[in-house]
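Working notes, beginning with the structure itself.
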Amino acid sequence: MLPVDLAGMIYPADRRRADDSIAAYLPTLGDMTASNRAAAIACRLDVEAVRGKVRGAVSDRHVPIRPAPDTMTRLSALLPVAQGVAVYAALRSAADSAVGTGGGRSRGQLMADNLVAGIAGQQVDGCDPYGVPRYGPAAAATPAGAPADMPAEAPTGPGSTVALNLIMTDRTLLGGGDEPAHLTGYRPIPAPLARALVLGHADTGTRTFDRRLYTDPGGGQLVAMDSRQRIFPLAAQRFLIARDQMCRTP
């Protein structure tokens with residue numbers, strides 16, 4: 001039952017143990033939930049193998065380009081999750097702050113223009129109907145590496161506010177436990193990697209915070225979450241995403 005990319009990482013005996021531990025739950029699990037449950041089991045059975053796979057993936061980071069229809073191109077980046085989220089958050093923050101003064105450009109267009117501006121080092125005020133960029137005045141005061149339209153208060157480097165919803169037990173975080181953590185939107189990750197994401201950058205200016213999640217002592221189901229927010233919809237959204245991770249319907 002282990003996913004193909006994980007099955008080759010552990011010994012046959014461990015694969016049988018994994019299959020035995022998940023078999024009883026399969027009738028009630030959807031495809032994605034079953035895959036994530038199997039990934040969590042693999043994390044417990046052979047942490048070093050999973051960490052080795054992560055190291056291999058990190059070494060494969062790159063920026064590919066390929067043509068798209070109608071004189072467009074697709075430029076993408078395969079990045080470690082923390083870097084990818086930080087880049088996207090910076091672009092979105094800059095676009096959100098400029099959406100009302102962006103000359104009618106959509107948020108997506110602003111993000112694309114800011115990406116070009118940050119790399120090219122020139123302010124981009126949009127494109128003509130055929131994709132030729134309209135360059136604005138040089139942004140001498142723009143921080144190095146930051147999109148040209150980015151406001152001063154937007155995150156641009158160390159100390160940036162980047163939200164990685166990483167869910168783990170207190171034993172995994174503080175006690176050296178080996179229970180896998182869950183990075184919202186991704187698969188379960190090994191406990192050592194989760195601790196490294198939280199604690200490994202404590203001296204680089206990165207701000208971190210924890211939010212306590214309370215579980216049912218019997219079944220382990222999340223039942224409540226700390227929050228200083230008093231607007232119910234946002235708190236409810238965060239709680240439901242943290243609790244269910246994905247659609248609960250098989």
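In the structure tokens, each chain is lettered A, B, ... as it comes, each chain's residues begin at 1, and ligands are numbered from 1 in order of appearance.
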For the contact check between segment 70-117 of chain A and segment 40-57 of chain A, emit one row per residue of segment 70-117 of chain A within 10 Å, containing the shortest atom pair and the distance in Å rounded to one decimal, counting only C-alpha atoms, chain then rising number order, as CSV.
residue,atom,partner,partner_atom,distance
A:Leu78,CA,A:Ala57,CA,9.2
A:Leu79,CA,A:Ala57,CA,8.9
A:Pro80,CA,A:Ala57,CA,8.2
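Considering the residues A:Gly108, A:Gly177, A:Pro69, A:Pro190 and counting only C-alpha atoms, Ala39 of chain A has its shortest atom-to-atom contact with A:Pro190.
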Residues near Tyr186 of chain A, cut-off 12 Å, only C-alpha atoms, skip fewer than 2 positions along chain, as a VMD selection string
chain A and resid 32 to 33 35 to 36 39 to 40 80 to 81 164 to 167 181 to 184 188 to 189 245 to 246
7 Å contact set for segment 191-201 of chain A, only C-alpha atoms, chain neighbours under 6 positions out, as a list in words
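What passes the distance filter is Thr172, Leu173, Asp178, Glu179, Pro180 and Ala181 of chain A.
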Residue neighbourhood Thr215 of chain A, 10 Å, only C-alpha atoms, exclusion window fewer than 6 positions, as a VMD selection string
chain A and resid 221 to 225 243
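For the pair atom CA of Ala34 of chain A and atom CA of Ala18 of chain A, the separation is 11.8 Å.
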Using only C-alpha atoms, the shortest atom-to-atom distance to Leu115 of chain A among A:Leu91, A:Ala77, A:Met72, A:Leu240 belongs to A:Leu91
DSSP on the backbone, strand (DSSP E or B) only: what residues of segment 54-118 of chain A does that give? Format it as a ChimeraX atom specification.
/A:62,65-68,72-75,78
Taking the DSSP secondary structure from the backbone, can you list the residues of segment 11-188 of chain A that are helix (DSSP H, G or I), as a PyMOL selection string?
chain A and resi 12-23+26-28+31-45+47-59+81-98+107-120+170-174
Set the distance at 10 Å and use only C-alpha atoms: which residues neighbour Gln109 of chain A once local chain neighbours fewer than 6 positions away are removed? I'd like the list as a list in words.
Ala95, Val99, Gly102, Leu115, Gly126 and Cys127 of chain A
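Once Arg92 of chain A and its same-chain neighbours fewer than 2 positions away are set aside, Ala86, Val87, Tyr88, Ala89, Ala90, Ala94, Ala95, Asp96, Ser97, Ala98, Arg107, Gly108, Leu110, Met111, Ala112, Asn114, Met150 and Ala154 of chain A remain within 10 Å of it when counting only C-alpha atoms.
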Mind dumping the selected residues with C-alpha atoms as a PDB file, in the first residue's frame?
ATOM      1  CA  ALA A  86       8.877  32.922   1.260  1.00  0.00           C
ATOM      2  CA  VAL A  87       9.214  33.968  -2.401  1.00  0.00           C
ATOM      3  CA  TYR A  88       5.491  33.580  -3.028  1.00  0.00           C
ATOM      4  CA  ALA A  89       4.596  35.464   0.183  1.00  0.00           C
ATOM      5  CA  ALA A  90       6.845  38.383  -0.757  1.00  0.00           C
ATOM      6  CA  ALA A  94       3.826  43.421  -2.800  1.00  0.00           C
ATOM      7  CA  ALA A  95       0.935  42.771  -5.185  1.00  0.00           C
ATOM      8  CA  ASP A  96      -1.688  43.172  -2.450  1.00  0.00           C
ATOM      9  CA  SER A  97      -0.252  46.542  -1.455  1.00  0.00           C
ATOM     10  CA  ALA A  98      -0.239  47.776  -5.069  1.00  0.00           C
ATOM     11  CA  ARG A 107      -2.948  40.500  -8.557  1.00  0.00           C
ATOM     12  CA  GLY A 108      -1.474  37.750 -10.725  1.00  0.00           C
ATOM     13  CA  LEU A 110       1.389  42.358 -10.456  1.00  0.00           C
ATOM     14  CA  MET A 111       3.077  39.280  -8.996  1.00  0.00           C
ATOM     15  CA  ALA A 112       4.496  38.377 -12.405  1.00  0.00           C
ATOM     16  CA  ASN A 114       7.285  42.129  -9.563  1.00  0.00           C
ATOM     17  CA  MET A 150       7.476  46.101  -2.694  1.00  0.00           C
ATOM     18  CA  ALA A 154       6.836  43.953   3.285  1.00  0.00           C
TER      19      ALA A 154
END
